[in-house]
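Asks: After the structure tokens below, expect a handful of questions from me.
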Amino acid sequence: MLTFALRLIATLLHAALVFALAPLLMGAVNKFRAWALGRRGPPFLQPYFNLYKHLRKTTLVPETATELFALWPVTAFLATATAALLVPSFCTGLLTAPASDFITLIGLFALARAAAMLGGLETGFGFGGAAAGREALFSVFAEAALLVVILGFALLAHSITINGIAVAFAAGHIGISVSLGFALAALLAVALTETGRIPTDNPAGHLELAMVHEALSLEYSGRFLLLLEYAGMLRLLLWMNLIGTIFLPFGMARADDILSWPLGLILWPLKLGVMAALLALFEISTAKMRVFRVPEFLGAAMLLGILAGIFLFVASRIGT
Amino acid sequence: MRRWLPDDSGPGCYPYPVTNDLALMVGLPGQGVHLHLDALSLLFLCILAPQILASAVAGMRASVTFWVFCAGMVLALAAGDAFTLIFGFELMSAASWLLVLRGDQKPATFYIAIAIFSAACLIPAVFLPASSPVSCSIAFILIALGTGAKAGLAPLHSWLPKAHPAPPAGVSAIMSGGMVKIALYVLIRYSFIILTGAAQPWWGVVLIIAGVASVVIGALRAVLETEMKTMLACSTIEHVGLITVGLGIALRAKAMGDPALTAVALQAALLCAVAHGLFKPLLFLGAGEVKHSTGTTSLNWLGGLMRGQPRLGGLMLLGAAGMAAIPFGPGFAPEFLLLHAVIGAAATGGILARIGFTFVLAALGLGAALALGAAVRLIGIGFLGRPRSLHAASAEDARPGPLFGMGLLAVLMLPVALLPGQVLAALVPVVSQLAPQADMHPLAYTPLPLLLLAFLIATATGFVLHRFGVRGTREVAPWNGGFGRAPAWLPFGDPTTQPSATGFAQPISRAIAKAVLGKNGTDPADAWLIAPIQRLHLRGVRLAERIRRATIRQRLGVVFAALVLFLAALGLAEGG
């Protein structure tokens with residue numbers, strides 16, 4: 001009973017932290033990026049101001065939109081938010097752990113992506129349709145690469161839930177292996193694509209022709225734009241949590257052991273900060289790719305994932 | 001005559017309790033027609049029944065050929081001996097050929113050729129004595145070829161996108177949702193029950209390879225096709241591929257003695273068959289209604305149908321959610337199980353097999369994302385956006401009959417979508433019939449708790465937006481990428497400023513289709529299998545024509561040369 005209460009509190013704390021801190025993370029990435037470029041940059045809290053601005057604006061609905069105009073941002077947001085609750089942040093063993101199967105997570109990503117694409121196609125304007133087609137192309141390779149990478153984790157951790165992988169990796173008997181390096185590279189490529197960062201997409205872009213994620217939401221305003229932007233912030237946090245859970249599992253708390261929480265709660269923002277700084281550094285040091293280079297980029301990620309799997313098979317063969 | 005009864009002596013006969021068998025005094029002399037229902041045939045009857053009902057309600061009930069077609073399918077399922085099975089199967093083929101012929105002449109010829117090929121493989125296979133492992137393997141290969149041709153399994157799939165869209169929507173629905181299932185039923189019946197004693201792991205590998213090829217080709221073509229019904233038929237190839245991959249993994253795991261993997265793979269295949277049997281007929285019936293109200297099914301001429309046809313659009317959205325295999329839709333649980341099965345298969349076994357399963361996993365990922373793209377394109381281009389033609393703009397909502405049929409299928413989709421664990425529990429007898437040692441675990445994907453989470457988030461967000469946000473919406477002219485307002489004679493805006501179905505698919509066509517499909521997007525099976533056969537046929541015809549046109553001198557010359565050769569051979573044989 002006490003265990004359940006602790007897990008419930010941990011889950012609520014997790015939800016509160018994730019939903020409250022997602023804009024701050026986005027603000028931190030933007031700030032670090034500006035610093036690295038030698039600019040002062042917007043304040044850390046700028047994303048909160050932006051969200052509040054959207055909240056106070058009238059929501060405009062284009063005449064050419066159908067009745068389902070509101071459905072797509074809501075669905076995209078709900079799918080991303082549900083996924084964000086499944087990925088552990090500062091501790092493992094949340095109440096959502098049994099449902100945190102990696103394939104369910106991929107399904108939720110796909111649902112969010114489908115809703116965003118339909119939102120882009122909704123009013124029938126050119127940029128939305130072009131971006132939806134590109135998003136469909138990127139997702140083909142990203143999904144295949146992600147599945148292959150997961151295979152490696154599942155084999156190492158003997159579990160396919162994110163919680164199980166986190167517990168197995170935190171226990172530390174995995175060690176460092178070549179396949180994990182390959183898997184990390186592949187996972188980073190997929191993460192950059194899914195969150196719409198450079199080199200596959202430019203979150204700060206102003207040229208509609210080159211945009212993918214932003215172009216899908218061009219016709220949305222007010223509350224709907226708020227939901228879409230907030231979903232984008234949650235997605236960034238979610239992916240950082242995912243990578244942190246798998247590759248930086250040290251110091252993660254256990255939900256049923258309250259004494260381990262403080263360390264987890266201190267280390268989690270630190271990990272996020274480091275990842276945000278690395279992301280900013282990576283973004284200023286690379287250029288955005290042409291659209292048709294992205295399949296090559298993700299194809300390479302897929303091959304790395306397959307190589308990671310093959311190395312694992314060879315290692316287990318030699319090991320036995 | 002092989003029957004599936006205990007008095008049959010073969011290594012692969014399945015012992016039926018005789019009491020359930022119903023013998024009719026028609027059919028072959030001294031043999032009769034045996035009807036028998038077990039868990040497997042009951043499952044497939046349950047898959048078939050709602051489709052037939054929906055199609056009949058949707059307007060096919062007046063057609064005698066349609067009922068003969070359905071009777072053939074039911075007879076094939078209820079068959080208790082090989083003759084009845086083949087009889088029902090061929091009755092189904094012949095009736096569906098008539099229905100295709102009524103729609104369009106050109107694919108009908110191709111279709112009947114494939115059906116004859118399928119029969120030519122199946123008839124020897126079911127009457128082959130199952131005495132030795134070799135003859136069992138030959139029987140399996142023939143069964144796989146015959147049923148694969150009928151189910152649209154790569155490389156024998158290229159007839160399916162041509163023939164399935166030809167007949168009226170009600171028939172297309174049953175051909176896609178039901179007929180391919182009958183072929184898969186025969187495959188399951190023979191590979192898992194009748195030939196089970198002789199099953200080899202490589203049988204499963206054959207099915208996995210064919211299935212993966214079908215998934216990739218079917219999903220890719222579904223993204224590229226602009227005709228709605230052709231696109232749905234391509235998606236059927238993909239789903240047949242998914243079912244076959246599941247069956248292949250189960251067959252291999254059963255032969256290698258892995259009860260847990262067998263169970264997961266079988267559950268994936270059977271649940272996929274159930275889900276596909278619901279959403280695909282729904283989509284086909286909807287495509288038929290689109291055709292009825294607008295006169296076309298080409299996505300490039302549609303658009304904005306959700307406004308004029310909200311009920312049809314909503315039902316199509318549900319069907320597309322199933323086709324795309326997204327969570328909370330009926331298609332996700334089978335996909336989930338199948339991916340788990342592939343991951344499970346890659347976790348054990350020889351190193352080559354494990355590498356192979358890694359590639360299978362990548363291919364299934366490609367297929368899933370392509371299927372999502374195809375479903376988004378169907379809804380986004382066809383039902384959202386602005387109308388691309390006057391017909392699309394003036395479309396009125398669907399007729400009540402088809403809407404009722406689609407609604408029936410949509411209601412039946414709900415348990416598959418939201419309670420997949422309970423549906424799997426209902427499938428337990430079938431799984432244990434196919435693999436008695438199968439070791440089943442509860443499904444790890446539970447939509448209802450996830451829905452509860454989403455509901456909690458929605459409530460909280462709704463409260464925040466309502467309490468602190470500006471309420472209400474205002475309708476304005478769309479920004480439309482900066483284009484000005486269209487002139488008055490274009491009430492729905494300039495259609496050319498809106499992406500078309502072809503335009504949506506262009507990135508995928510440029511980046512992927514060139515590598516997989518042939519020039520101009522032709523199917524690889526057409527390029528590598530059908531075209532060489534056609535060339536061979538042409539050469540044969542030319543040869544025959546030359547022989548026919550030979551002069552009397554050439555003919556006498558041939559006869560004389562043959563005589564000389566024969567005598568020389570005789571002389572050499574005598575002399576030697």
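Each chain of the structure tokens is named A, B, ... in the order shown, its residues numbered from 1; ligands are numbered from 1 in display order.
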Compile the residues of chain B that lie within 6 Å of chain A, evaluated using only C-alpha atoms, and express the compilation as a list in words.
Replies: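 Residues of chain B within 6 Å of chain A, counting only C-alpha atoms: Arg307, Ile326, Pro327, Ala362, Gly365, Leu366, Ala369, Gly373, Gly380, Leu384, Gly385, Arg386, Ala454, Gly469, Val470, Thr473, Arg474, Glu475, Val476, Ala477, Pro478, Asn480, Thr497, Gln498, Pro499, Phe504 and Ile508 of chain B.
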Asks: Write out the residues from the selection above, keeping N, CA, C and O atoms, as an mmCIF file, in the first residue's frame.
Replies:
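part-v1.cif, freshly written:
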data_model
loop_
_atom_site.group_PDB
_atom_site.id
_atom_site.type_symbol
_atom_site.label_atom_id
_atom_site.label_comp_id
_atom_site.auth_asym_id
_atom_site.auth_seq_id
_atom_site.Cartn_x
_atom_site.Cartn_y
_atom_site.Cartn_z
ATOM 1 N N ARG B 307 -16.961 17.957 -45.839
ATOM 2 C CA ARG B 307 -17.964 19.002 -45.643
ATOM 3 C C ARG B 307 -19.339 18.536 -46.129
ATOM 4 O O ARG B 307 -20.327 18.677 -45.434
ATOM 5 N N ILE B 326 -2.607 2.790 -36.148
ATOM 6 C CA ILE B 326 -2.244 3.707 -35.078
ATOM 7 C C ILE B 326 -2.945 3.268 -33.797
ATOM 8 O O ILE B 326 -3.984 2.608 -33.851
ATOM 9 N N PRO B 327 -2.378 3.614 -32.634
ATOM 10 C CA PRO B 327 -2.996 3.201 -31.370
ATOM 11 C C PRO B 327 -4.445 3.687 -31.280
ATOM 12 O O PRO B 327 -4.793 4.714 -31.880
ATOM 13 N N ALA B 362 13.150 -4.060 -39.837
ATOM 14 C CA ALA B 362 13.293 -2.793 -40.552
ATOM 15 C C ALA B 362 12.247 -2.681 -41.658
ATOM 16 O O ALA B 362 11.625 -1.630 -41.842
ATOM 17 N N GLY B 365 8.923 -1.875 -40.247
ATOM 18 C CA GLY B 365 8.872 -0.461 -39.875
ATOM 19 C C GLY B 365 8.605 0.412 -41.083
ATOM 20 O O GLY B 365 7.756 1.310 -41.045
ATOM 21 N N LEU B 366 9.310 0.135 -42.179
ATOM 22 C CA LEU B 366 9.063 0.861 -43.429
ATOM 23 C C LEU B 366 7.600 0.723 -43.830
ATOM 24 O O LEU B 366 6.927 1.701 -44.158
ATOM 25 N N ALA B 369 5.147 2.732 -41.612
ATOM 26 C CA ALA B 369 5.144 4.177 -41.853
ATOM 27 C C ALA B 369 4.536 4.486 -43.212
ATOM 28 O O ALA B 369 3.835 5.495 -43.377
ATOM 29 N N GLY B 373 1.312 6.788 -44.128
ATOM 30 C CA GLY B 373 1.288 7.823 -45.163
ATOM 31 C C GLY B 373 0.119 7.628 -46.111
ATOM 32 O O GLY B 373 -0.565 8.592 -46.487
ATOM 33 N N GLY B 380 -6.541 12.999 -45.960
ATOM 34 C CA GLY B 380 -6.126 14.388 -46.105
ATOM 35 C C GLY B 380 -6.386 14.950 -47.486
ATOM 36 O O GLY B 380 -6.785 16.111 -47.627
ATOM 37 N N LEU B 384 -10.292 16.072 -46.736
ATOM 38 C CA LEU B 384 -10.021 17.391 -46.176
ATOM 39 C C LEU B 384 -9.626 18.337 -47.307
ATOM 40 O O LEU B 384 -9.587 17.955 -48.473
ATOM 41 N N GLY B 385 -9.294 19.540 -46.967
ATOM 42 C CA GLY B 385 -8.857 20.498 -47.975
ATOM 43 C C GLY B 385 -10.021 21.053 -48.763
ATOM 44 O O GLY B 385 -11.179 21.016 -48.331
ATOM 45 N N ARG B 386 -9.691 21.608 -49.941
ATOM 46 C CA ARG B 386 -10.724 22.220 -50.775
ATOM 47 C C ARG B 386 -11.104 21.263 -51.895
ATOM 48 O O ARG B 386 -10.298 20.431 -52.302
ATOM 49 N N ALA B 454 -5.053 9.832 -21.460
ATOM 50 C CA ALA B 454 -5.326 10.904 -22.424
ATOM 51 C C ALA B 454 -6.521 11.726 -21.969
ATOM 52 O O ALA B 454 -6.532 12.951 -22.099
ATOM 53 N N GLY B 469 -8.044 31.069 -21.185
ATOM 54 C CA GLY B 469 -7.906 31.436 -22.590
ATOM 55 C C GLY B 469 -9.054 32.292 -23.088
ATOM 56 O O GLY B 469 -10.059 32.478 -22.403
ATOM 57 N N VAL B 470 -8.865 32.839 -24.281
ATOM 58 C CA VAL B 470 -9.947 33.550 -24.956
ATOM 59 C C VAL B 470 -10.824 32.498 -25.606
ATOM 60 O O VAL B 470 -10.336 31.633 -26.316
ATOM 61 N N THR B 473 -14.250 30.980 -31.484
ATOM 62 C CA THR B 473 -13.387 31.036 -32.664
ATOM 63 C C THR B 473 -13.994 32.037 -33.639
ATOM 64 O O THR B 473 -15.174 32.373 -33.554
ATOM 65 N N ARG B 474 -13.169 32.513 -34.567
ATOM 66 C CA ARG B 474 -13.662 33.442 -35.582
ATOM 67 C C ARG B 474 -13.286 32.879 -36.944
ATOM 68 O O ARG B 474 -12.162 32.447 -37.169
ATOM 69 N N GLU B 475 -14.272 32.883 -37.856
ATOM 70 C CA GLU B 475 -13.995 32.336 -39.177
ATOM 71 C C GLU B 475 -13.410 33.446 -40.057
ATOM 72 O O GLU B 475 -13.967 34.543 -40.128
ATOM 73 N N VAL B 476 -12.302 33.160 -40.705
ATOM 74 C CA VAL B 476 -11.626 34.162 -41.531
ATOM 75 C C VAL B 476 -11.241 33.522 -42.857
ATOM 76 O O VAL B 476 -11.320 32.309 -43.020
ATOM 77 N N ALA B 477 -10.830 34.366 -43.795
ATOM 78 C CA ALA B 477 -10.292 33.844 -45.049
ATOM 79 C C ALA B 477 -8.980 33.142 -44.741
ATOM 80 O O ALA B 477 -8.220 33.600 -43.890
ATOM 81 N N PRO B 478 -8.709 32.013 -45.364
ATOM 82 C CA PRO B 478 -7.471 31.301 -45.049
ATOM 83 C C PRO B 478 -6.248 32.082 -45.512
ATOM 84 O O PRO B 478 -6.310 32.852 -46.465
ATOM 85 N N ASN B 480 -3.584 30.618 -46.718
ATOM 86 C CA ASN B 480 -3.359 29.948 -48.002
ATOM 87 C C ASN B 480 -1.992 30.248 -48.598
ATOM 88 O O ASN B 480 -1.857 30.513 -49.782
ATOM 89 N N THR B 497 -3.479 25.589 -56.592
ATOM 90 C CA THR B 497 -2.636 26.043 -55.492
ATOM 91 C C THR B 497 -2.665 25.049 -54.337
ATOM 92 O O THR B 497 -2.120 25.319 -53.279
ATOM 93 N N GLN B 498 -3.301 23.944 -54.547
ATOM 94 C CA GLN B 498 -3.476 22.963 -53.485
ATOM 95 C C GLN B 498 -2.723 21.678 -53.861
ATOM 96 O O GLN B 498 -2.770 21.283 -55.019
ATOM 97 N N PRO B 499 -2.006 21.065 -52.925
ATOM 98 C CA PRO B 499 -1.250 19.870 -53.312
ATOM 99 C C PRO B 499 -2.187 18.741 -53.727
ATOM 100 O O PRO B 499 -3.256 18.569 -53.133
ATOM 101 N N PHE B 504 1.574 14.877 -53.055
ATOM 102 C CA PHE B 504 1.839 14.379 -51.707
ATOM 103 C C PHE B 504 2.822 13.216 -51.751
ATOM 104 O O PHE B 504 3.697 13.086 -50.905
ATOM 105 N N ILE B 508 8.147 10.562 -51.580
ATOM 106 C CA ILE B 508 8.337 9.123 -51.401
ATOM 107 C C ILE B 508 8.636 8.467 -52.739
ATOM 108 O O ILE B 508 9.506 7.603 -52.855
#
Asks: Which parts of stretch 189-409 of chain B does DSSP call alpha helix (DSSP H) when run on the backbone here, written out as a ChimeraX atom specification?
Replies: /B:201-224,228-256,259-294,305-308,310-324,332-347,351-382,390-393,400-409
Asks: Between A:Leu236, A:Leu228, A:Ala183, A:Leu2, single out the one closest to A:Gly196, counting only C-alpha atoms.
Replies: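 Selected residue with least distance to A:Gly196: A:Leu236.
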Asks: Which is closer to B:Gly257 than all the others in B:Ala58, B:Lys150, B:Gly349, B:Ala531, using only C-alpha atoms?
Replies: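 Once distances to B:Gly257 are computed over only C-alpha atoms, the minimum belongs to B:Gly349.
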Asks: So that each row is one residue of stretch 74-179 of chain B with an atom at most 7 Å from stretch 33-53 of chain B, can you give its shortest atom pair and the distance in Å to one decimal, using only C-alpha atoms, rows by chain and rising number, as a tab-separated table?
Replies:
residue	atom	partner	partner_atom	distance
B:Leu77	CA	B:Ser41	CA	5.4
B:Ala78	CA	B:Leu35	CA	5.4
B:Ala79	CA	B:Leu35	CA	4.7
B:Gly80	CA	B:Leu35	CA	4.5
B:Asp81	CA	B:His34	CA	5.8
B:Thr84	CA	B:Val33	CA	6.0
B:Ile174	CA	B:Gln51	CA	6.3
B:Gly178	CA	B:Leu48	CA	5.7
Asks: I want to know what sits within 6 Å of stretch 86-95 of chain B, based on only C-alpha atoms, with residues of the same chain fewer than 4 positions away left out; could you give that as a PyMOL selection string?
Replies: chain B and resi 65+69+72-73+75-76
Asks: Can you work out the spacing between atom CA of B:Ala120 and atom CA of B:Ala139 in Å, to one decimal?
Replies: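 Separation between atom CA of B:Ala120 and atom CA of B:Ala139: 12.2 Å.
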Asks: What's around stretch 281-283 of chain A at 8 Å? Count only C-alpha atoms, leave out sequence neighbours fewer than 3 positions away in its own chain, and write the answer as a PDB file with all heavy atoms, in the first residue's frame.
Replies:
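The file below, around.pdb, is the result:
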ATOM      1  N   PHE A  32      21.025  28.771 -25.039  1.00  0.00           N
ATOM      2  CA  PHE A  32      22.379  28.237 -25.233  1.00  0.00           C
ATOM      3  C   PHE A  32      22.833  28.462 -26.669  1.00  0.00           C
ATOM      4  O   PHE A  32      23.978  28.783 -26.936  1.00  0.00           O
ATOM      5  CB  PHE A  32      22.422  26.741 -24.901  1.00  0.00           C
ATOM      6  CG  PHE A  32      22.218  26.437 -23.452  1.00  0.00           C
ATOM      7  CD1 PHE A  32      21.672  25.238 -23.045  1.00  0.00           C
ATOM      8  CD2 PHE A  32      22.571  27.370 -22.478  1.00  0.00           C
ATOM      9  CE1 PHE A  32      21.481  24.955 -21.708  1.00  0.00           C
ATOM     10  CE2 PHE A  32      22.386  27.097 -21.133  1.00  0.00           C
ATOM     11  CZ  PHE A  32      21.832  25.891 -20.755  1.00  0.00           C
ATOM     12  N   ARG A  33      21.897  28.272 -27.563  1.00  0.00           N
ATOM     13  CA  ARG A  33      22.231  28.432 -28.962  1.00  0.00           C
ATOM     14  C   ARG A  33      22.642  29.876 -29.265  1.00  0.00           C
ATOM     15  O   ARG A  33      23.635  30.127 -29.950  1.00  0.00           O
ATOM     16  CB  ARG A  33      21.003  28.053 -29.787  1.00  0.00           C
ATOM     17  CG  ARG A  33      21.285  27.865 -31.240  1.00  0.00           C
ATOM     18  CD  ARG A  33      20.101  27.191 -31.838  1.00  0.00           C
ATOM     19  NE  ARG A  33      19.756  27.836 -33.096  1.00  0.00           N
ATOM     20  CZ  ARG A  33      19.006  27.280 -34.011  1.00  0.00           C
ATOM     21  NH1 ARG A  33      18.495  26.093 -33.782  1.00  0.00           N
ATOM     22  NH2 ARG A  33      18.740  27.888 -35.114  1.00  0.00           N
ATOM     23  N   ALA A  36      26.039  30.533 -27.806  1.00  0.00           N
ATOM     24  CA  ALA A  36      27.109  29.942 -28.611  1.00  0.00           C
ATOM     25  C   ALA A  36      27.373  30.770 -29.854  1.00  0.00           C
ATOM     26  O   ALA A  36      28.486  30.764 -30.387  1.00  0.00           O
ATOM     27  CB  ALA A  36      26.730  28.514 -28.992  1.00  0.00           C
ATOM     28  N   ARG A 197      14.685  19.172 -35.497  1.00  0.00           N
ATOM     29  CA  ARG A 197      15.838  20.035 -35.288  1.00  0.00           C
ATOM     30  C   ARG A 197      16.744  19.984 -36.515  1.00  0.00           C
ATOM     31  O   ARG A 197      16.619  19.105 -37.364  1.00  0.00           O
ATOM     32  CB  ARG A 197      16.648  19.579 -34.055  1.00  0.00           C
ATOM     33  CG  ARG A 197      15.856  19.313 -32.821  1.00  0.00           C
ATOM     34  CD  ARG A 197      15.103  20.505 -32.292  1.00  0.00           C
ATOM     35  NE  ARG A 197      15.978  21.627 -31.959  1.00  0.00           N
ATOM     36  CZ  ARG A 197      15.570  22.697 -31.279  1.00  0.00           C
ATOM     37  NH1 ARG A 197      14.319  22.784 -30.872  1.00  0.00           N
ATOM     38  NH2 ARG A 197      16.398  23.676 -31.017  1.00  0.00           N
ATOM     39  N   ILE A 198      17.694  20.923 -36.576  1.00  0.00           N
ATOM     40  CA  ILE A 198      18.761  20.850 -37.571  1.00  0.00           C
ATOM     41  C   ILE A 198      19.486  19.527 -37.341  1.00  0.00           C
ATOM     42  O   ILE A 198      19.693  19.170 -36.188  1.00  0.00           O
ATOM     43  CB  ILE A 198      19.717  22.056 -37.384  1.00  0.00           C
ATOM     44  CG1 ILE A 198      19.005  23.313 -37.882  1.00  0.00           C
ATOM     45  CG2 ILE A 198      21.035  21.862 -38.121  1.00  0.00           C
ATOM     46  CD1 ILE A 198      19.776  24.587 -37.673  1.00  0.00           C
ATOM     47  N   PRO A 199      19.896  18.770 -38.333  1.00  0.00           N
ATOM     48  CA  PRO A 199      19.996  19.067 -39.749  1.00  0.00           C
ATOM     49  C   PRO A 199      18.796  18.690 -40.607  1.00  0.00           C
ATOM     50  O   PRO A 199      18.870  18.903 -41.817  1.00  0.00           O
ATOM     51  CB  PRO A 199      21.191  18.207 -40.166  1.00  0.00           C
ATOM     52  CG  PRO A 199      21.114  17.028 -39.299  1.00  0.00           C
ATOM     53  CD  PRO A 199      20.594  17.519 -38.000  1.00  0.00           C
ATOM     54  N   ALA A 277      22.561  21.785 -23.924  1.00  0.00           N
ATOM     55  CA  ALA A 277      23.764  22.484 -24.374  1.00  0.00           C
ATOM     56  C   ALA A 277      24.383  21.759 -25.566  1.00  0.00           C
ATOM     57  O   ALA A 277      24.789  22.387 -26.554  1.00  0.00           O
ATOM     58  CB  ALA A 277      24.763  22.567 -23.221  1.00  0.00           C
ATOM     59  N   LEU A 278      24.439  20.418 -25.490  1.00  0.00           N
ATOM     60  CA  LEU A 278      25.009  19.650 -26.606  1.00  0.00           C
ATOM     61  C   LEU A 278      24.184  19.843 -27.872  1.00  0.00           C
ATOM     62  O   LEU A 278      24.734  20.000 -28.972  1.00  0.00           O
ATOM     63  CB  LEU A 278      25.077  18.161 -26.238  1.00  0.00           C
ATOM     64  CG  LEU A 278      26.126  17.807 -25.196  1.00  0.00           C
ATOM     65  CD1 LEU A 278      26.065  16.323 -24.879  1.00  0.00           C
ATOM     66  CD2 LEU A 278      27.515  18.159 -25.724  1.00  0.00           C
ATOM     67  N   THR A 286      26.270  22.542 -37.543  1.00  0.00           N
ATOM     68  CA  THR A 286      25.889  21.855 -38.787  1.00  0.00           C
ATOM     69  C   THR A 286      24.905  22.736 -39.556  1.00  0.00           C
ATOM     70  O   THR A 286      24.297  23.636 -38.995  1.00  0.00           O
ATOM     71  CB  THR A 286      25.173  20.514 -38.528  1.00  0.00           C
ATOM     72  OG1 THR A 286      24.327  20.687 -37.421  1.00  0.00           O
ATOM     73  CG2 THR A 286      26.133  19.403 -38.316  1.00  0.00           C
ATOM     74  N   ALA A 287      24.778  22.433 -40.819  1.00  0.00           N
ATOM     75  CA  ALA A 287      23.819  23.148 -41.652  1.00  0.00           C
ATOM     76  C   ALA A 287      22.625  22.252 -41.902  1.00  0.00           C
ATOM     77  O   ALA A 287      22.717  21.036 -41.781  1.00  0.00           O
ATOM     78  CB  ALA A 287      24.466  23.542 -42.971  1.00  0.00           C
TER      79      ALA A 287
END
Asks: Mind checking which residues fall within 6 Å of B:Pro330, counting only C-alpha atoms, ignoring those fewer than 4 positions away in the same chain, and posting them as a ChimeraX atom specification?
Replies: /B:275,322,416-417
Asks: Export N, CA and C atoms of the chosen residues as a compact mmCIF listing (two decimals), in the first residue's frame?
Replies:
# COMPACT_ATOMS: atom_id res chain seq x y z
N ALA B 275 -9.04 -7.87 -37.84
CA ALA B 275 -9.12 -6.41 -37.99
C ALA B 275 -9.25 -6.03 -39.46
N GLY B 322 -7.71 2.28 -38.86
CA GLY B 322 -7.37 0.86 -38.80
C GLY B 322 -6.28 0.51 -39.79
N VAL B 416 -12.38 -4.69 -31.22
CA VAL B 416 -11.03 -5.03 -31.67
C VAL B 416 -10.08 -3.89 -31.33
N ALA B 417 -10.60 -2.65 -31.43
CA ALA B 417 -9.73 -1.50 -31.20
C ALA B 417 -9.47 -1.28 -29.71
Asks: Write out as a list in words the residues lying within 9 Å of B:Ile141, counting only C-alpha atoms and excluding same-chain residues fewer than 4 positions away.
Replies: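 Final neighbour list, sorted by chain and number: Cys121, Ala125, Cys136, Ser137, Leu145, Gly146, Trp203 and Val206 of chain B.
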Asks: Skipping near chain neighbours, those fewer than 5 positions away, what residues fall within 8 Å of stretch 87-91 of chain A using only C-alpha atoms, listed as a compact mmCIF listing (two decimals) with N, CA, C and O atoms, in the first residue's frame?
Replies:
# COMPACT_ATOMS: atom_id res chain seq x y z
N ALA A 10 5.12 9.67 -7.05
CA ALA A 10 6.20 9.83 -8.02
C ALA A 10 5.63 10.11 -9.41
O ALA A 10 6.12 10.97 -10.15
N HIS A 14 6.19 13.37 -11.51
CA HIS A 14 6.74 13.24 -12.86
C HIS A 14 5.89 14.03 -13.85
O HIS A 14 6.40 14.84 -14.64
N VAL A 18 7.21 17.28 -15.87
CA VAL A 18 7.31 17.22 -17.33
C VAL A 18 6.47 18.32 -17.96
O VAL A 18 6.94 19.06 -18.83
N SER A 100 4.34 1.17 -20.71
CA SER A 100 5.36 1.91 -21.43
C SER A 100 6.12 1.03 -22.41
O SER A 100 7.32 1.10 -22.51
N ILE A 162 10.03 0.61 -21.70
CA ILE A 162 11.07 1.60 -21.43
C ILE A 162 11.50 1.51 -19.99
O ILE A 162 12.67 1.66 -19.66
N ASN A 163 10.52 1.23 -19.12
CA ASN A 163 10.85 1.10 -17.71
C ASN A 163 11.82 -0.06 -17.49
O ASN A 163 12.82 0.08 -16.79
N LEU A 238 10.49 14.80 -24.13
CA LEU A 238 10.25 13.36 -24.16
C LEU A 238 11.44 12.63 -24.76
O LEU A 238 11.92 11.63 -24.22
N ASN A 241 14.34 12.77 -22.39
CA ASN A 241 14.12 11.80 -21.32
C ASN A 241 14.45 10.40 -21.79
O ASN A 241 15.07 9.61 -21.08
N LEU A 242 14.02 10.09 -23.00
CA LEU A 242 14.23 8.75 -23.54
C LEU A 242 15.71 8.46 -23.66
O LEU A 242 16.21 7.41 -23.22
N THR A 245 17.26 8.27 -20.22
CA THR A 245 16.92 7.03 -19.52
C THR A 245 17.77 5.87 -20.00
O THR A 245 18.20 5.04 -19.21
N MET A 252 19.39 7.47 -11.37
CA MET A 252 17.93 7.52 -11.48
C MET A 252 17.30 6.92 -10.23
O MET A 252 17.73 5.87 -9.75
N ALA A 253 16.29 7.60 -9.71
CA ALA A 253 15.66 7.14 -8.48
C ALA A 253 14.73 5.97 -8.78
O ALA A 253 14.41 5.70 -9.94
N ARG A 254 14.33 5.29 -7.71
CA ARG A 254 13.29 4.26 -7.84
C ARG A 254 12.05 4.80 -7.15
O ARG A 254 12.14 5.36 -6.05
N ALA A 255 10.90 4.61 -7.78
CA ALA A 255 9.69 5.26 -7.27
C ALA A 255 9.32 4.77 -5.88
O ALA A 255 8.77 5.52 -5.08
N TRP A 261 15.02 9.59 -4.16
CA TRP A 261 14.42 10.65 -4.99
C TRP A 261 15.29 11.90 -5.09
O TRP A 261 15.45 12.44 -6.17
N GLY A 264 17.90 11.70 -7.70
CA GLY A 264 17.29 11.66 -9.03
C GLY A 264 16.77 13.03 -9.45
O GLY A 264 16.96 13.46 -10.58
N LEU A 265 16.15 13.71 -8.48
CA LEU A 265 15.56 15.02 -8.80
C LEU A 265 16.64 16.07 -9.08
O LEU A 265 16.40 17.02 -9.81
N LEU A 267 19.79 15.22 -10.32
CA LEU A 267 20.53 14.82 -11.52
C LEU A 267 19.72 15.01 -12.80
O LEU A 267 20.28 15.31 -13.85
N TRP A 268 18.41 14.84 -12.71
CA TRP A 268 17.59 14.89 -13.94
C TRP A 268 17.71 16.24 -14.65
O TRP A 268 18.03 16.28 -15.85
